[in-house]
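*Asks:* Please find one structure pasted underneath; my questions will follow.
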Amino acid sequence: MLSNETRAIIKSTVPVLEEHGTAITTVFYKNMFEAHPELLNIFNHANQKQGRQQAALANTVYAAAVHIDNLEAILPAVVQIANKHVSLGIKPEHYPIVGEYLLKAIKEVLGEAATDDIINAWAEAYGVIADAFIGVEQDMYEKMENQTNGWKFFKNFTVARKEKESENIISFYLTPADGSNVPAYEPGQYISVRLTIPGEEYLFNRQYSLSQAAQPDEFRISVKSERDNDPNGRVSVYLHDEVNVGDVIEVSAPAGEFVLDATKESPVAFVSGGVGITPMMSMFETVATMTPERPTTFLHAARNESFHAFDKDIRKYVEKMDNAKYKTLYSDQPEGFITREVLAEMVDVTGEVYVCGPVPFMESMITELRALGMTDEQIHFEFFGPAVALQ
Ligand code: HEM
């Protein structure tokens, strides 16, 4: 428990830190990577270049500090971040490094304004927050390791098949290189893929949703090539162009909280834009095979027919289900967007809805679903890329 004095310092300095947020995080990462270049094997270099993760980590520390006496209140956010951390193999010994360079950056940017009292208060608060993350992550690692066929950190997988799904999406079927089976996972979970790219100094990590219902012997990920979106596309383009059947890549165990509640029987709708379809495929296949009588809607937005993945697979399942609706809209065509009217026609607002796609798409879908009367408990979503800062 922090003293009243420490808490008062934390609360009064949060606005100052936020004001200097970009400067602090820029200094923090620069100095940390200079002293610990090995961490570049873990962090996403593209996010670094775009300054995205910079903001996420430090803002979360500030936001958590405000709730320091009641970290329970922000547990859902901690759990979501912790999932990302365990997927990337973050270890307890990494925390003091981040803490050291964050404090040094605060000191450097604030200069004389950063008194010893302020720095000590933040060191104490960071310690409490780090312990909370470490505890949650240790529990997750234990569960991963103890699960049948489970493991923690990374394990070698072989590319068993590679199949084109659309103009820019390729599925990779991955099997453990040691011949074992894979652990069961929840529909909606993701894995991290870790790659050595020839000519690149550091490893690359990316998260991909598992795009089929759990199978005993393989994972499937479906990767969109981000050719126009360098440097983010470094991994997806490499996977598309250079990684072939028989190649071995490193994979972490399934993680993630954006998952289907497969025990429910209430109506369920899956609403996706572009490659946001991947976790939906896993969820939809699970419903189609386990509870085919569940009223189900699959609503998808794609650019046009050639960018439309999994169409045949979805149709095949819909035919066999008792009460399933399926519709795709092409944004290249007039009126090719998922509007409130389309949602009203397709989605049963008494049930659950899962939304995944690019950020503007998700924002618009969530707004419209709320306007149709759906509550936040009914609307499930996960933004791709770094999570938005805690509120
Ligand atoms: C991602 C917070 C410690 C490495 C994130 C995200 C947040 C965050 C908010 C974005 C989550 C998302 O994308 O969904 C924190 C906080 C920490 C902490 C509050 C300390 C209390 C660490 C440590 C490491 C680390 C010790 C390892 C040295 C990463 C990496 C990502 C990440 C690699 C993925 C994004 C990227 O690659 O740029 N963290 N983090 N974090 N964190 Fe942490």
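In the structure tokens, chains take letters A, B, ... by order of appearance, with residues numbered from 1 within each chain and ligands from 1 in the order shown.
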Excluding same-chain residues fewer than 5 positions from A:Asn70, what lies within 12 Å of it counting only C-alpha atoms, as a list of chain:residue names?

*Replies:*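 Once the adjacent positions are removed, what remains is A:Met1, A:Leu2, A:Ala63, A:Ala64, A:Ala65, A:Leu75, A:Val128, A:Ile129, A:Ala132.
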
*Asks:* Could the residues in this selection be saved with N, CA and C atoms as a PDB file, in the first residue's frame?

*Replies:*
ATOM      1  N   MET A   1       0.846  -1.216   0.000  1.00  0.00           N
ATOM      2  CA  MET A   1       0.000   0.000   0.000  1.00  0.00           C
ATOM      3  C   MET A   1       0.872   1.255   0.000  1.00  0.00           C
ATOM      4  N   LEU A   2       0.580   2.168  -0.874  1.00  0.00           N
ATOM      5  CA  LEU A   2       1.387   3.397  -0.912  1.00  0.00           C
ATOM      6  C   LEU A   2       0.915   4.372   0.173  1.00  0.00           C
ATOM      7  N   ALA A  63      -2.135   5.661 -16.197  1.00  0.00           N
ATOM      8  CA  ALA A  63      -3.540   5.372 -15.890  1.00  0.00           C
ATOM      9  C   ALA A  63      -3.638   4.404 -14.718  1.00  0.00           C
ATOM     10  N   ALA A  64      -2.759   3.413 -14.714  1.00  0.00           N
ATOM     11  CA  ALA A  64      -2.792   2.429 -13.626  1.00  0.00           C
ATOM     12  C   ALA A  64      -2.422   3.098 -12.308  1.00  0.00           C
ATOM     13  N   ALA A  65      -1.495   4.057 -12.369  1.00  0.00           N
ATOM     14  CA  ALA A  65      -1.047   4.718 -11.140  1.00  0.00           C
ATOM     15  C   ALA A  65      -2.194   5.459 -10.463  1.00  0.00           C
ATOM     16  N   LEU A  75      -8.470  -4.395 -13.790  1.00  0.00           N
ATOM     17  CA  LEU A  75      -8.032  -5.752 -14.098  1.00  0.00           C
ATOM     18  C   LEU A  75      -8.349  -6.199 -15.537  1.00  0.00           C
ATOM     19  N   VAL A 128       4.558  -1.463  -7.844  1.00  0.00           N
ATOM     20  CA  VAL A 128       3.267  -2.088  -7.533  1.00  0.00           C
ATOM     21  C   VAL A 128       2.581  -2.551  -8.828  1.00  0.00           C
ATOM     22  N   ILE A 129       2.613  -1.685  -9.839  1.00  0.00           N
ATOM     23  CA  ILE A 129       1.950  -2.011 -11.112  1.00  0.00           C
ATOM     24  C   ILE A 129       2.661  -3.200 -11.777  1.00  0.00           C
ATOM     25  N   ALA A 132       1.731  -6.417 -10.246  1.00  0.00           N
ATOM     26  CA  ALA A 132       0.389  -6.865 -10.644  1.00  0.00           C
ATOM     27  C   ALA A 132       0.456  -7.581 -12.000  1.00  0.00           C
TER      28      ALA A 132
END

*Asks:* Can you list, as a VMD selection string, every residue of stretch 134-283 of chain A that DSSP puts in strand (DSSP E)?

*Replies:* chain A and resid 154 to 164 169 to 176 190 to 195 204 to 209 219 to 224 248 to 252 268 to 273

*Asks:* Using only C-alpha atoms, determine which residues lie at most 12 Å from A:Phe33, disregarding the query and same-chain residues fewer than 5 positions distant; provide the list as a ChimeraX atom specification.

*Replies:* /A:25-28,38-43,45,48,97-98,101-102,202

*Asks:* Got a sec: who's within 9 Å of A:Phe258, counting only C-alpha atoms, leaving out chain neighbours fewer than 2 positions off, as an MDAnalysis selection string?

*Replies:* chainID A and resid 80 187:189 256 260 279 354 380:382

*Asks:* Restricting the output to C-alpha atoms, write the selected residues as a tab-separated table (two decimals), in the first residue's frame.

*Replies:*
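Contents of result_1.tsv, as written:
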chain	number	residue	atom	x	y	z
A	80	GLN	CA	-5.83	-7.93	-22.04
A	187	PRO	CA	-12.35	-19.41	-30.70
A	188	GLY	CA	-11.06	-15.86	-31.11
A	189	GLN	CA	-7.62	-16.45	-29.57
A	256	GLY	CA	-6.34	-13.59	-25.89
A	260	LEU	CA	-16.72	-16.68	-28.14
A	279	PRO	CA	-11.20	-14.64	-35.58
A	354	TYR	CA	-18.74	-9.98	-32.12
A	380	HIS	CA	-17.70	-7.86	-28.01
A	381	PHE	CA	-14.78	-6.45	-29.94
A	382	GLU	CA	-11.02	-6.28	-30.09

*Asks:* What does the distance between atom CA of A:Asn205 and atom CA of A:Val355 come to in Å, to one decimal place?

*Replies:*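 One can read the atom CA of A:Asn205 to atom CA of A:Val355 distance as 24.4 Å.
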
*Asks:* If we count only C-alpha atoms, what is near stretch 303-315 of chain A at a cut-off of 12 Å, once residues fewer than 2 positions away on the same chain are taken out, given as a VMD selection string?

*Replies:* chain A and resid 163 to 171 211 to 212 222 to 225 270 272 to 278 280 to 288 296 to 301 317 to 321 324 to 334 336 to 337

*Asks:* Could you please determine the separation between atom CA of A:Glu142 and atom CA of A:Val248 in Å, to one decimal place?

*Replies:*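 Those two atoms sit 25.5 Å apart.
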
*Asks:* For each of A:Glu293, A:Glu377, A:Glu93, A:Glu5, take the minimum atom-to-atom distance to ligand 1, counting only C-alpha atoms and all ligand atoms, then give the residue where this is smallest.

*Replies:* A:Glu93

*Asks:* Considering only C-alpha atoms and all ligand atoms, can you say which of A:Asp131, A:Asp69, A:Glu186, A:Glu34 comes closest to ligand 1?

*Replies:*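 Nearest to ligand 1: A:Asp131.
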
*Asks:* Given only C-alpha atoms and all ligand atoms as the basis, pick out the residue of A:Ile134, A:Ile24, A:Ile191, A:Ile338 nearest to ligand 1.

*Replies:* A:Ile134

*Asks:* Would you work out the distance separating atom CA of A:Val14 from atom CA of A:Ile118, expressed in Å to one decimal?

*Replies:*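 Atom CA of A:Val14 sits 10.7 Å away from atom CA of A:Ile118.
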
*Asks:* If you count only C-alpha atoms, which residues fall within 12 Å of A:Ala113, apart from same-chain ones fewer than 6 positions away, as a PDB file with C-alpha atoms, in the first residue's frame?

*Replies:*
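The result, written out as result29.pdb:
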ATOM      1  CA  THR A  13       1.971  14.606 -11.481  1.00  0.00           C
ATOM      2  CA  VAL A  16       2.329  16.747 -16.193  1.00  0.00           C
ATOM      3  CA  LEU A  17       3.573  13.372 -17.421  1.00  0.00           C
ATOM      4  CA  ILE A 106      10.788  11.218 -16.664  1.00  0.00           C
ATOM      5  CA  LYS A 107      13.809  12.718 -14.940  1.00  0.00           C
ATOM      6  CA  ILE A 119      10.853  10.124  -8.718  1.00  0.00           C
TER       7      ILE A 119
END

*Asks:* Based on DSSP run over this structure's backbone, return all residues of stretch 176-328 of chain A in alpha helix (DSSP H), as a ChimeraX atom specification.

*Replies:* /A:234-242,277-290,311-320

*Asks:* From the set A:Ile197, A:Val259, A:Val136, A:Val353, which residue has the shortest atom-to-atom contact distance to A:Leu71, counting only C-alpha atoms?

*Replies:*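 Ranked by minimum distance to A:Leu71, first place goes to A:Val136.
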
*Asks:* Given the choices A:Pro37, A:Pro360, A:Pro183, A:Gly21, which gets closest to ligand 1 if the distance is worked out from only C-alpha atoms and all ligand atoms?

*Replies:*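 For ligand 1, the nearest of the candidates is A:Pro37.
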
*Asks:* I'd like the neighbourhood of A:Arg161 as a list in words, where a residue qualifies if any of its atoms comes within 12 Å (using only C-alpha atoms), though same-chain residues fewer than 3 positions away should be ignored.

*Replies:*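 Once the adjacent positions are removed, what remains is Phe157, Thr158, Lys164, Ile170, Ser171, Phe172, Tyr173, Leu174, Thr175, Glu218, Phe219, Arg220, Ile221, Ser222, Val243, Asn244, Val245, Gly246, Asp247 and Val248 of chain A.
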
*Asks:* Could you check the closest approach to A:Arg194 for each of A:Glu137, A:Leu88, A:Tyr29, A:Tyr126 and tell me which residue wins, using only C-alpha atoms?

*Replies:*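 Using only C-alpha atoms, the shortest distance to A:Arg194 belongs to A:Leu88.
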